[in-house]
$ cat data02.cif   # mmCIF, C-alpha atoms and all ligand atoms
data_input
#
loop_
_atom_site.label_atom_id
_atom_site.label_comp_id
_atom_site.auth_asym_id
_atom_site.auth_seq_id
_atom_site.Cartn_x
_atom_site.Cartn_y
_atom_site.Cartn_z
CA MET M 1 15.21 -52.29 -38.34
CA SER M 2 15.85 -54.55 -35.34
CA PHE M 3 12.51 -56.44 -35.22
CA GLN M 4 13.16 -60.20 -35.35
CA PRO M 5 10.05 -62.44 -35.29
CA GLN M 6 10.12 -66.16 -34.49
CA GLN M 7 9.57 -68.39 -37.51
CA ASN M 8 7.44 -71.45 -38.32
CA VAL M 9 5.48 -71.53 -35.05
CA ASP M 10 2.83 -74.17 -34.16
CA LEU M 11 -0.53 -72.44 -33.71
CA ALA M 12 -2.73 -75.27 -32.40
CA GLU M 13 -0.95 -75.22 -29.03
CA LEU M 14 -1.82 -71.53 -28.61
CA THR M 15 -5.58 -72.19 -28.66
CA THR M 16 -7.97 -74.09 -26.37
CA PHE M 17 -9.42 -76.08 -29.33
CA LYS M 18 -5.92 -77.28 -30.26
CA ILE M 19 -6.65 -76.86 -33.97
CA GLY M 20 -4.43 -75.07 -36.49
CA GLY M 21 -1.38 -75.23 -38.70
CA ARG M 22 1.67 -73.00 -38.43
CA ALA M 23 2.52 -69.30 -38.60
CA ALA M 24 5.37 -68.26 -40.90
CA PHE M 25 6.15 -65.51 -38.35
CA PHE M 26 5.20 -65.00 -34.71
CA THR M 27 5.89 -62.41 -32.03
CA GLU M 28 4.77 -61.58 -28.50
CA VAL M 29 4.15 -57.94 -27.61
CA THR M 30 4.55 -56.71 -24.02
CA SER M 31 4.23 -52.96 -24.68
CA ALA M 32 2.15 -50.89 -27.10
CA SER M 33 5.35 -49.01 -27.96
CA GLN M 34 6.62 -52.10 -29.86
CA LEU M 35 3.74 -51.96 -32.35
CA PRO M 36 4.86 -49.13 -34.71
CA GLU M 37 8.13 -50.94 -35.51
CA ILE M 38 6.29 -54.25 -36.07
CA PHE M 39 3.82 -52.61 -38.45
CA ALA M 40 6.63 -50.87 -40.33
CA TRP M 41 8.22 -54.34 -40.77
CA LEU M 42 4.90 -55.81 -41.98
CA LYS M 43 4.53 -52.95 -44.47
CA GLN M 44 8.09 -53.32 -45.70
CA ASN M 45 7.56 -57.06 -46.28
CA SER M 46 3.94 -56.70 -47.53
CA LEU M 47 2.70 -59.27 -45.02
CA PRO M 48 -0.68 -59.66 -43.28
CA HIS M 49 -1.10 -60.02 -39.51
CA LEU M 50 -3.40 -61.79 -37.03
CA VAL M 51 -3.91 -60.85 -33.37
CA LEU M 52 -4.07 -63.52 -30.68
CA SER M 53 -4.72 -63.36 -26.93
CA GLY M 54 -5.67 -66.47 -24.90
CA GLY M 55 -6.83 -68.45 -27.96
CA SER M 56 -10.11 -69.56 -26.31
CA ASN M 57 -12.28 -68.15 -29.08
CA THR M 58 -10.06 -68.77 -32.11
CA ILE M 59 -9.96 -71.67 -34.55
CA PHE M 60 -7.01 -71.42 -36.91
CA GLY M 61 -6.82 -72.88 -40.43
CA ASP M 62 -4.90 -76.09 -41.15
CA GLY M 63 -2.26 -74.62 -43.48
CA ILE M 64 0.53 -72.09 -43.05
CA PHE M 65 -0.40 -68.50 -42.24
CA ARG M 66 2.02 -66.57 -44.46
CA GLY M 67 2.14 -63.53 -42.24
CA LEU M 68 2.76 -62.51 -38.62
CA VAL M 69 0.72 -63.70 -35.62
CA ILE M 70 0.97 -61.10 -32.85
CA LYS M 71 0.31 -62.39 -29.34
CA ILE M 72 -0.70 -59.60 -26.97
CA SER M 73 0.87 -59.74 -23.50
CA ILE M 74 0.57 -56.10 -22.39
CA MET M 75 0.14 -56.14 -18.60
CA GLY M 76 -1.10 -53.53 -16.12
CA PHE M 77 -3.84 -52.67 -13.61
CA ALA M 78 -4.41 -49.13 -12.36
CA VAL M 79 -7.18 -47.30 -10.54
CA ILE M 80 -7.54 -44.05 -12.49
CA SER M 81 -10.18 -42.38 -10.32
CA GLU M 82 -12.48 -43.24 -7.48
CA SER M 83 -15.54 -41.62 -5.91
CA GLU M 84 -18.08 -42.67 -3.28
CA LYS M 85 -20.19 -44.28 -5.97
CA SER M 86 -17.76 -45.75 -8.49
CA ALA M 87 -14.19 -46.43 -9.60
CA VAL M 88 -12.53 -46.19 -13.00
CA ILE M 89 -9.83 -48.78 -13.69
CA MET M 90 -7.49 -49.37 -16.62
CA VAL M 91 -6.47 -52.96 -17.42
CA GLY M 92 -3.71 -54.06 -19.80
CA SER M 93 -4.86 -56.33 -22.65
CA GLY M 94 -2.61 -59.20 -21.62
CA GLU M 95 -4.11 -59.57 -18.12
CA ASP M 96 -5.98 -62.82 -17.46
CA TRP M 97 -9.69 -61.91 -17.48
CA ASP M 98 -10.80 -64.00 -14.51
CA GLU M 99 -7.94 -62.68 -12.35
CA ILE M 100 -9.22 -59.16 -13.07
CA VAL M 101 -12.80 -60.10 -12.09
CA LYS M 102 -11.41 -61.61 -8.87
CA ARG M 103 -9.44 -58.43 -8.03
CA VAL M 104 -12.37 -56.16 -8.79
CA VAL M 105 -14.79 -58.24 -6.67
CA GLU M 106 -12.26 -58.16 -3.78
CA ARG M 107 -12.32 -54.34 -4.00
CA GLY M 108 -16.12 -54.35 -3.65
CA LEU M 109 -16.76 -53.12 -7.19
CA SER M 110 -19.77 -54.48 -9.08
CA GLY M 111 -20.63 -54.88 -12.76
CA MET M 112 -18.52 -57.83 -13.91
CA GLU M 113 -19.06 -60.49 -11.19
CA ALA M 114 -21.39 -62.56 -13.43
CA LEU M 115 -18.57 -62.69 -16.01
CA SER M 116 -16.45 -64.77 -13.60
CA GLY M 117 -14.72 -67.83 -15.00
CA ILE M 118 -14.66 -66.82 -18.67
CA PRO M 119 -11.29 -67.91 -20.12
CA GLY M 120 -9.01 -65.61 -22.09
CA LEU M 121 -7.32 -62.24 -21.72
CA THR M 122 -8.79 -58.79 -21.10
CA GLY M 123 -7.93 -57.36 -24.55
CA ALA M 124 -10.19 -59.90 -26.25
CA THR M 125 -13.23 -59.21 -24.06
CA PRO M 126 -14.53 -56.20 -26.05
CA VAL M 127 -14.12 -58.07 -29.37
CA GLN M 128 -17.19 -60.22 -28.88
CA ASN M 129 -18.63 -58.20 -25.94
CA ILE M 130 -18.43 -61.22 -23.65
CA GLY M 131 -21.54 -62.02 -21.69
CA ALA M 132 -22.95 -64.46 -19.16
CA TYR M 133 -25.88 -64.63 -16.73
CA GLY M 134 -27.39 -61.37 -17.97
CA GLN M 135 -24.20 -59.27 -17.69
CA GLU M 136 -22.34 -58.02 -20.75
CA LEU M 137 -18.92 -56.41 -20.94
CA LYS M 138 -20.37 -53.31 -22.63
CA ASP M 139 -22.20 -52.33 -19.43
CA THR M 140 -18.94 -51.43 -17.66
CA VAL M 141 -16.65 -50.38 -20.55
CA LYS M 142 -15.81 -46.67 -20.50
CA SER M 143 -13.30 -46.71 -23.35
CA VAL M 144 -11.05 -49.07 -25.28
CA GLU M 145 -7.44 -48.01 -25.89
CA VAL M 146 -6.18 -49.07 -29.30
CA PHE M 147 -3.32 -49.12 -31.76
CA ASP M 148 -4.63 -48.17 -35.21
CA THR M 149 -2.90 -50.47 -37.71
CA LYS M 150 -3.84 -48.09 -40.55
CA SER M 151 -2.21 -44.94 -39.16
CA SER M 152 0.23 -46.68 -36.73
CA GLU M 153 -1.05 -44.36 -33.98
CA LEU M 154 -2.38 -44.99 -30.50
CA GLY M 155 -5.91 -43.82 -29.76
CA SER M 156 -9.02 -44.33 -27.71
CA LEU M 157 -12.55 -45.43 -28.66
CA SER M 158 -15.55 -44.58 -26.49
CA ARG M 159 -18.08 -47.26 -25.58
CA ALA M 160 -20.49 -45.82 -28.22
CA GLU M 161 -17.79 -45.97 -30.91
CA CYS M 162 -17.27 -49.70 -30.20
CA ASP M 163 -20.89 -50.30 -31.33
CA PHE M 164 -21.35 -53.29 -29.03
CA GLY M 165 -24.06 -55.85 -29.81
CA TYR M 166 -24.88 -59.43 -28.83
CA ARG M 167 -21.44 -61.16 -28.96
CA ASP M 168 -20.42 -58.42 -31.38
CA SER M 169 -18.57 -55.09 -31.77
CA ILE M 170 -16.79 -53.09 -34.48
CA PHE M 171 -13.68 -55.18 -33.68
CA LYS M 172 -15.49 -58.27 -34.99
CA SER M 173 -17.54 -56.65 -37.77
CA ASP M 174 -17.09 -53.32 -39.60
CA LEU M 175 -13.50 -52.62 -38.52
CA LYS M 176 -12.29 -56.20 -38.12
CA GLY M 177 -8.48 -56.30 -38.04
CA ARG M 178 -8.02 -52.52 -37.97
CA TYR M 179 -7.39 -52.02 -34.26
CA ILE M 180 -5.22 -53.79 -31.73
CA ILE M 181 -6.68 -53.33 -28.25
CA THR M 182 -3.88 -52.34 -25.86
CA SER M 183 -5.94 -51.75 -22.69
CA VAL M 184 -9.54 -51.41 -21.56
CA VAL M 185 -10.96 -48.76 -19.21
CA PHE M 186 -13.89 -49.86 -17.03
CA GLU M 187 -16.22 -47.89 -14.78
CA LEU M 188 -17.49 -50.06 -11.91
CA SER M 189 -20.11 -49.35 -9.30
CA LYS M 190 -19.89 -49.45 -5.51
CA LYS M 191 -23.64 -50.15 -5.27
CA ALA M 192 -24.83 -53.51 -3.93
CA PRO M 193 -24.96 -55.99 -6.81
CA GLY M 194 -28.17 -57.24 -8.41
CA VAL M 195 -28.63 -61.03 -8.41
CA PRO M 196 -28.65 -62.45 -11.97
CA ASN M 197 -32.24 -63.40 -12.80
CA TYR M 198 -31.25 -66.82 -14.16
CA LYS M 199 -32.86 -70.06 -13.04
CA ASP M 200 -29.53 -71.72 -12.13
CA VAL M 201 -28.32 -68.74 -10.10
CA VAL M 202 -31.65 -68.20 -8.33
CA SER M 203 -31.90 -71.90 -7.34
CA TYR M 204 -28.22 -71.90 -6.22
CA PHE M 205 -28.98 -69.14 -3.69
CA GLU M 206 -32.27 -70.74 -2.64
CA SER M 207 -30.51 -74.04 -1.94
CA HIS M 208 -27.72 -72.22 -0.05
CA ASN M 209 -30.27 -70.16 1.95
CA ILE M 210 -28.73 -66.84 0.85
CA ALA M 211 -31.34 -64.10 0.48
CA SER M 212 -29.13 -61.11 -0.48
CA PRO M 213 -25.82 -62.41 -1.83
CA ASN M 214 -22.77 -60.17 -1.84
CA LEU M 215 -20.33 -59.81 -4.76
CA GLU M 216 -18.07 -62.66 -3.66
CA GLN M 217 -21.05 -64.99 -3.19
CA ILE M 218 -22.31 -64.17 -6.70
CA ARG M 219 -18.83 -64.84 -8.12
CA GLN M 220 -18.60 -68.19 -6.29
CA ALA M 221 -22.13 -69.17 -7.46
CA VAL M 222 -21.26 -68.39 -11.09
CA LEU M 223 -17.96 -70.30 -10.84
CA GLU M 224 -19.70 -73.34 -9.40
CA ILE M 225 -22.53 -73.31 -11.95
CA ARG M 226 -20.02 -72.92 -14.80
CA ARG M 227 -18.03 -75.94 -13.57
CA GLY M 228 -21.13 -78.06 -14.20
CA LYS M 229 -21.95 -76.41 -17.54
CA PHE M 230 -18.67 -76.04 -19.39
CA VAL M 231 -16.08 -78.63 -20.29
CA ASP M 232 -12.52 -77.89 -19.13
CA PRO M 233 -10.52 -77.36 -22.37
CA SER M 234 -7.40 -78.79 -20.70
CA ILE M 235 -9.26 -82.12 -20.43
CA MET M 236 -11.18 -82.00 -23.74
CA PRO M 237 -10.15 -79.19 -26.12
CA ASN M 238 -13.07 -76.85 -26.97
CA ALA M 239 -14.05 -73.19 -27.36
CA GLY M 240 -16.98 -73.01 -24.93
CA SER M 241 -20.43 -72.38 -26.42
CA PHE M 242 -19.94 -73.00 -30.11
CA PHE M 243 -23.05 -71.31 -31.55
CA LYS M 244 -24.68 -67.98 -30.73
CA ASN M 245 -28.23 -68.24 -29.42
CA PRO M 246 -30.25 -67.36 -32.54
CA VAL M 247 -32.54 -64.34 -32.37
CA VAL M 248 -35.68 -65.20 -34.33
CA THR M 249 -38.90 -63.46 -35.33
CA GLU M 250 -42.13 -63.91 -33.38
CA LEU M 251 -43.54 -66.11 -36.17
CA VAL M 252 -40.62 -68.58 -36.03
CA ALA M 253 -40.52 -68.52 -32.20
CA LYS M 254 -44.28 -69.11 -31.79
CA LYS M 255 -44.14 -72.09 -34.18
CA ILE M 256 -41.30 -73.69 -32.17
CA MET M 257 -43.02 -72.91 -28.86
CA GLN M 258 -46.33 -74.44 -30.01
CA GLN M 259 -44.64 -77.66 -31.11
CA ASN M 260 -42.22 -77.74 -28.13
CA PRO M 261 -43.65 -76.29 -24.92
CA ASP M 262 -40.33 -77.06 -23.16
CA VAL M 263 -38.23 -74.87 -25.52
CA LYS M 264 -35.57 -72.84 -23.69
CA VAL M 265 -35.67 -69.10 -24.40
CA TYR M 266 -33.32 -66.33 -23.15
CA PRO M 267 -33.53 -64.28 -21.00
CA GLU M 268 -35.55 -66.89 -19.16
CA ASP M 269 -38.56 -64.65 -18.63
CA THR M 270 -39.05 -63.71 -22.31
CA LYS M 271 -41.10 -66.75 -23.25
CA ILE M 272 -44.14 -64.50 -22.84
CA ILE M 273 -42.54 -61.09 -23.30
CA PRO M 274 -40.31 -60.89 -26.40
CA LEU M 275 -37.04 -58.94 -26.69
CA GLU M 276 -37.05 -55.42 -28.06
CA GLY M 277 -38.27 -55.47 -31.67
CA GLY M 278 -40.62 -58.41 -31.01
CA ASN M 279 -37.88 -61.02 -31.48
CA TYR M 280 -37.03 -64.03 -29.32
CA LYS M 281 -33.65 -65.53 -28.42
CA ILE M 282 -33.80 -69.33 -28.52
CA ALA M 283 -31.17 -71.43 -26.68
CA ALA M 284 -28.90 -72.92 -29.38
CA GLY M 285 -28.04 -75.80 -27.01
CA TRP M 286 -31.71 -76.71 -26.69
CA LEU M 287 -32.11 -76.69 -30.50
CA ILE M 288 -29.14 -79.06 -30.96
CA GLN M 289 -30.34 -81.35 -28.19
CA ASN M 290 -33.85 -81.41 -29.66
CA LEU M 291 -32.39 -82.33 -33.06
CA GLY M 292 -31.11 -85.47 -31.34
CA LEU M 293 -27.49 -84.52 -32.10
CA LYS M 294 -26.03 -84.39 -28.55
CA GLY M 295 -23.06 -86.76 -28.41
CA LEU M 296 -22.78 -87.02 -32.23
CA GLU M 297 -19.23 -88.17 -33.11
CA LEU M 298 -17.25 -87.90 -36.32
CA GLU M 299 -13.77 -89.40 -36.43
CA LYS M 300 -11.86 -86.68 -34.53
CA VAL M 301 -14.56 -84.26 -33.38
CA ARG M 302 -17.80 -84.57 -31.46
CA ILE M 303 -20.64 -82.79 -29.72
CA ASP M 304 -20.13 -83.28 -25.99
CA PRO M 305 -22.46 -86.06 -24.74
CA ASN M 306 -23.66 -83.88 -21.82
CA HIS M 307 -23.44 -80.35 -23.28
CA ALA M 308 -25.08 -79.96 -26.70
CA LEU M 309 -23.51 -76.52 -27.27
CA VAL M 310 -19.92 -77.66 -26.75
CA LEU M 311 -18.05 -79.04 -29.77
CA GLU M 312 -14.83 -80.89 -28.98
CA ASN M 313 -11.54 -82.01 -30.50
CA LYS M 314 -11.10 -85.69 -29.57
CA GLY M 315 -7.42 -85.46 -30.58
CA GLY M 316 -5.58 -84.38 -33.71
CA ALA M 317 -8.64 -82.76 -35.35
CA SER M 318 -8.29 -80.27 -38.20
CA GLN M 319 -10.38 -77.20 -38.98
CA LYS M 320 -11.78 -79.25 -41.90
CA ASP M 321 -12.99 -81.99 -39.50
CA LEU M 322 -14.65 -79.39 -37.30
CA LYS M 323 -16.32 -77.63 -40.25
CA GLU M 324 -17.85 -80.95 -41.32
CA LEU M 325 -19.50 -81.32 -37.91
CA VAL M 326 -20.56 -77.66 -37.89
CA SER M 327 -22.22 -78.06 -41.33
CA LYS M 328 -24.13 -81.15 -40.18
CA ILE M 329 -25.55 -79.21 -37.21
CA GLN M 330 -26.34 -76.11 -39.28
CA ASP M 331 -28.06 -78.14 -42.03
CA ALA M 332 -30.19 -80.03 -39.49
CA ALA M 333 -31.22 -76.78 -37.70
CA MET M 334 -32.11 -75.15 -41.00
CA GLN M 335 -34.12 -78.16 -42.16
CA LYS M 336 -36.11 -78.66 -38.96
CA TYR M 337 -36.52 -75.10 -37.66
CA GLY M 338 -35.58 -72.80 -40.57
CA ILE M 339 -32.93 -71.29 -38.26
CA ALA M 340 -29.37 -70.40 -39.33
CA LEU M 341 -26.99 -71.23 -36.47
CA GLU M 342 -23.97 -68.91 -36.40
CA PRO M 343 -20.63 -69.98 -34.84
CA GLU M 344 -19.46 -67.82 -31.92
CA PRO M 345 -15.66 -68.41 -32.18
CA VAL M 346 -13.55 -66.65 -34.78
CA ILE M 347 -12.77 -69.15 -37.55
CA VAL M 348 -9.61 -68.05 -39.39
CA GLU M 349 -9.14 -69.53 -42.86
CA PHE M 350 -5.70 -70.29 -44.29
C1 LIG Y 401 -14.76 -73.15 -21.62
C2 LIG Y 401 -15.08 -71.83 -22.28
C3 LIG Y 401 -16.13 -71.05 -21.77
C4 LIG Y 401 -16.45 -69.81 -22.35
N1 LIG Y 401 -17.48 -69.07 -21.82
C5 LIG Y 401 -17.83 -67.88 -22.38
C6 LIG Y 401 -18.92 -67.10 -21.85
O1 LIG Y 401 -19.57 -67.49 -20.87
N2 LIG Y 401 -19.22 -65.92 -22.46
C7 LIG Y 401 -18.51 -65.45 -23.54
O2 LIG Y 401 -18.84 -64.38 -24.03
N3 LIG Y 401 -17.48 -66.18 -24.05
C8 LIG Y 401 -17.12 -67.36 -23.51
N4 LIG Y 401 -16.07 -68.10 -24.03
C9 LIG Y 401 -15.36 -67.59 -25.22
C10 LIG Y 401 -14.02 -66.85 -24.90
O3 LIG Y 401 -13.49 -67.27 -23.68
C11 LIG Y 401 -14.17 -65.34 -24.88
O4 LIG Y 401 -14.65 -64.88 -26.11
C12 LIG Y 401 -12.84 -64.63 -24.55
O5 LIG Y 401 -13.04 -63.25 -24.37
C13 LIG Y 401 -11.79 -64.85 -25.62
O6 LIG Y 401 -10.54 -64.43 -25.10
P1 LIG Y 401 -9.16 -64.91 -25.68
O7 LIG Y 401 -8.13 -64.09 -25.02
O8 LIG Y 401 -9.01 -66.37 -25.55
O9 LIG Y 401 -9.35 -64.50 -27.22
P2 LIG Y 401 -8.67 -65.07 -28.53
O10 LIG Y 401 -9.30 -66.38 -28.88
O11 LIG Y 401 -7.19 -65.04 -28.44
O12 LIG Y 401 -9.14 -63.98 -29.60
C14 LIG Y 401 -10.50 -63.87 -29.97
C15 LIG Y 401 -10.64 -62.82 -31.09
O13 LIG Y 401 -10.32 -61.54 -30.59
C16 LIG Y 401 -9.23 -60.97 -31.33
N5 LIG Y 401 -8.36 -60.31 -30.35
C17 LIG Y 401 -7.82 -60.92 -29.26
N6 LIG Y 401 -7.09 -60.03 -28.56
C18 LIG Y 401 -7.19 -58.86 -29.23
C19 LIG Y 401 -6.64 -57.55 -29.02
N7 LIG Y 401 -5.86 -57.27 -27.96
N8 LIG Y 401 -6.93 -56.59 -29.93
C20 LIG Y 401 -7.71 -56.85 -31.01
N9 LIG Y 401 -8.25 -58.06 -31.26
C21 LIG Y 401 -7.99 -59.04 -30.38
C22 LIG Y 401 -8.54 -62.12 -32.02
O14 LIG Y 401 -7.91 -61.69 -33.22
C23 LIG Y 401 -9.70 -63.07 -32.28
O15 LIG Y 401 -10.37 -62.67 -33.45
C24 LIG Y 401 -15.72 -69.35 -23.47
C25 LIG Y 401 -14.66 -70.13 -23.99
C26 LIG Y 401 -14.34 -71.35 -23.39
C27 LIG Y 401 -13.21 -72.17 -23.94
#

$ encode --input "data02.cif" --output "structure tokens"
Amino acid sequence: MSFQPQQNVDLAELTTFKIGGRAAFFTEVTSASQLPEIFAWLKQNSLPHLVLSGGSNTIFGDGIFRGLVIKISIMGFAVISESEKSAVIMVGSGEDWDEIVKRVVERGLSGMEALSGIPGLTGATPVQNIGAYGQELKDTVKSVEVFDTKSSELGSLSRAECDFGYRDSIFKSDLKGRYIITSVVFELSKKAPGVPNYKDVVSYFESHNIASPNLEQIRQAVLEIRRGKFVDPSIMPNAGSFFKNPVVTELVAKKIMQQNPDVKVYPEDTKIIPLEGGNYKIAAGWLIQNLGLKGLELEKVRIDPNHALVLENKGGASQKDLKELVSKIQDAAMQKYGIALEPEPVIVEF
């Protein structure tokens, strides 16, 4: 067997939070055809594996991962079919997500323009069904091409088989770790885009006097709004929004709304009309701000002073430091609102 992984590799540098210990073994994969040999090696040495793409949604443990970290760098962009109404494209997992959105918008294809500016690589996008400004990845996914680590075979999962949910899919829940995503097939529309019904986006176009924005204008609006909302991880290491917006029952929501008429609820028009099932999605950032925790600092980690949903590594933080801050926030939210806040990034323990 000729497979030769790198050894004793620093993991913190491979993530945007800059937290993590070391990997006993590490390799970068540029073609799906390399995977069978790698998994034969793992089997022969009875070692576990972890998959990594851009590292913008991953927080590694502080110790040594005694297995193989596989970084996915499988490239490729191809138009598979095209009609008057739509186009089907296949994108390699290692392609930078925002570059793909840019290319697709330039071709006049709609369905992912509101997902502009999300860091990371394409292969990770189905894992948590990325979403922003009312668009979710699942709305354009046709199929997800995978390597099955159990059978060592390549295969394809339909959108229905991925069982997408709010920041969720089988890749994050039921079949976590089983599949390596090698490419994603999207079906995009040639119809004029709908304008995201979000306060920030609507007021952006009002202030720019644009009545019917085109795809490029929507992309530029989203990019500009995001610049004001998110903290650049290259300046202050972070993983974007740290908690999912909790979905709560009508009883819990009404109690919060009565006591706090300014509570922020998503989508922004559901304050009166609940989501399907009678539930409400409350903005996690609003909850943290209303707990008076914005700007809270521990020694090496903090909540950003301007963005309550962004947790940051001030320098040299460990996963343990971060978990301490996370527990403080979760305990306070549970005590005041009876709400369990759930982290959005993948926290890997070792
Ligand atoms: C500033 C900032 C803003 C953000 N904004 C948003 C936002 O608006 N909306 C949103 O949804 N997210 C957002 N995120 C989170 C993050 O960017 C996305 O979840 C992104 O898709 C993660 O991509 P990645 O390549 O960095 O994934 P990684 O962190 O490398 O991996 C994430 C998870 O997916 C798994 N994985 C990665 N690649 C594969 C693969 N090929 N096959 C199987 N499993 C794989 C990993 O094992 C890990 O569990 C933001 C993050 C930051 C730092």

$ residues_around --input "data02.cif" --residues "M:Val248" --least-positions-apart "6" --cutoff "12 Å" --atoms "all atoms listed in the file" --output "PyMOL selection string"
chain M and resi 254-257+265-266+274-284+337-341

$ residues_near_ligand --input "data02.cif" --ligand "ligand LIG 401 (chain Y)" --cutoff "8 Å" --atoms "all atoms listed in the file" --output "count of residues only"
59

$ closest_residue --input "data02.cif" --among "M:Lys150, M:Ser203, M:Val69, M:Val263" --to "M:Asn290" --atoms "only C-alpha atoms"
M:Val263

$ closest_residue --input "data02.cif" --among "M:Ile100, M:Met236, M:Ala221, M:Val348" --to "M:Lys314" --atoms "all atoms listed in the file"
M:Met236

$ closest_residue --input "data02.cif" --among "M:Lys190, M:Lys199, M:Lys142, M:Arg219" --to "M:Gly108" --atoms "all atoms listed in the file"
M:Lys190

$ atom_distance --input "data02.cif" --atom1 "atom CA of M:Gly63" --atom2 "atom CA of M:Lys300"
17.8 Å

$ closest_residue --input "data02.cif" --among "M:Ala211, M:Leu322, M:Ile329, M:Leu223" --to "M:Lys294" --atoms "all atoms listed in the file"
M:Ile329

$ atom_distance --input "data02.cif" --atom1 "atom CA of M:Glu37" --atom2 "atom CA of M:Leu154"
13.1 Å

$ closest_residue --input "data02.cif" --among "M:Asn313, M:Ser173, M:Ser212, M:Ser31" --to "M:Met75" --atoms "all atoms listed in the file"
M:Ser31

$ closest_residue --input "data02.cif" --among "M:Asn245, M:Ser152, M:Ser86, M:Ser169" --to "M:Arg107" --atoms "all atoms listed in the file"
M:Ser86

$ atom_distance --input "data02.cif" --atom1 "atom CA of M:Phe205" --atom2 "atom CA of M:Gln289"
27.4 Å

$ residues_around --input "data02.cif" --residues "stretch 192-197 of chain M" --least-positions-apart "4" --cutoff "12 Å" --atoms "all atoms listed in the file" --output "ChimeraX atom specification"
/M:85-86,105,108-115,132-136,188,201-206,210-219,221-222,266-270

$ build_atoms --input "data02.cif" --residues "stretch 81-92 of chain M" --atoms "N, CA, C and O atoms" --output "mmCIF file, in the coordinates of the input"
data_model
loop_
_atom_site.group_PDB
_atom_site.id
_atom_site.type_symbol
_atom_site.label_atom_id
_atom_site.label_comp_id
_atom_site.auth_asym_id
_atom_site.auth_seq_id
_atom_site.Cartn_x
_atom_site.Cartn_y
_atom_site.Cartn_z
ATOM 1 N N SER M 81 -9.463 -43.314 -11.195
ATOM 2 C CA SER M 81 -10.180 -42.380 -10.320
ATOM 3 C C SER M 81 -11.180 -43.149 -9.476
ATOM 4 O O SER M 81 -11.573 -44.259 -9.843
ATOM 5 N N GLU M 82 -11.562 -42.552 -8.381
ATOM 6 C CA GLU M 82 -12.480 -43.240 -7.480
ATOM 7 C C GLU M 82 -13.353 -42.199 -6.782
ATOM 8 O O GLU M 82 -12.870 -41.128 -6.403
ATOM 9 N N SER M 83 -14.645 -42.498 -6.662
ATOM 10 C CA SER M 83 -15.540 -41.620 -5.910
ATOM 11 C C SER M 83 -16.312 -42.493 -4.919
ATOM 12 O O SER M 83 -16.064 -43.690 -4.835
ATOM 13 N N GLU M 84 -17.280 -41.890 -4.226
ATOM 14 C CA GLU M 84 -18.080 -42.670 -3.280
ATOM 15 C C GLU M 84 -18.889 -43.739 -4.003
ATOM 16 O O GLU M 84 -19.170 -44.799 -3.462
ATOM 17 N N LYS M 85 -19.274 -43.407 -5.245
ATOM 18 C CA LYS M 85 -20.190 -44.280 -5.970
ATOM 19 C C LYS M 85 -19.527 -45.262 -6.924
ATOM 20 O O LYS M 85 -20.078 -46.300 -7.256
ATOM 21 N N SER M 86 -18.343 -44.899 -7.439
ATOM 22 C CA SER M 86 -17.760 -45.750 -8.490
ATOM 23 C C SER M 86 -16.244 -45.642 -8.547
ATOM 24 O O SER M 86 -15.633 -44.808 -7.870
ATOM 25 N N ALA M 87 -15.646 -46.494 -9.367
ATOM 26 C CA ALA M 87 -14.190 -46.430 -9.600
ATOM 27 C C ALA M 87 -13.928 -46.683 -11.072
ATOM 28 O O ALA M 87 -14.633 -47.470 -11.717
ATOM 29 N N VAL M 88 -12.917 -45.994 -11.598
ATOM 30 C CA VAL M 88 -12.530 -46.190 -13.000
ATOM 31 C C VAL M 88 -11.172 -46.896 -12.985
ATOM 32 O O VAL M 88 -10.233 -46.419 -12.345
ATOM 33 N N ILE M 89 -11.094 -48.034 -13.669
ATOM 34 C CA ILE M 89 -9.830 -48.780 -13.690
ATOM 35 C C ILE M 89 -9.372 -49.009 -15.135
ATOM 36 O O ILE M 89 -10.193 -49.115 -16.056
ATOM 37 N N MET M 90 -8.060 -49.090 -15.295
ATOM 38 C CA MET M 90 -7.490 -49.370 -16.620
ATOM 39 C C MET M 90 -6.747 -50.709 -16.526
ATOM 40 O O MET M 90 -5.953 -50.916 -15.615
ATOM 41 N N VAL M 91 -7.056 -51.618 -17.473
ATOM 42 C CA VAL M 91 -6.470 -52.960 -17.420
ATOM 43 C C VAL M 91 -5.730 -53.245 -18.731
ATOM 44 O O VAL M 91 -6.289 -53.067 -19.821
ATOM 45 N N GLY M 92 -4.497 -53.696 -18.617
ATOM 46 C CA GLY M 92 -3.710 -54.060 -19.800
ATOM 47 C C GLY M 92 -4.330 -55.260 -20.513
ATOM 48 O O GLY M 92 -4.870 -56.170 -19.863
#
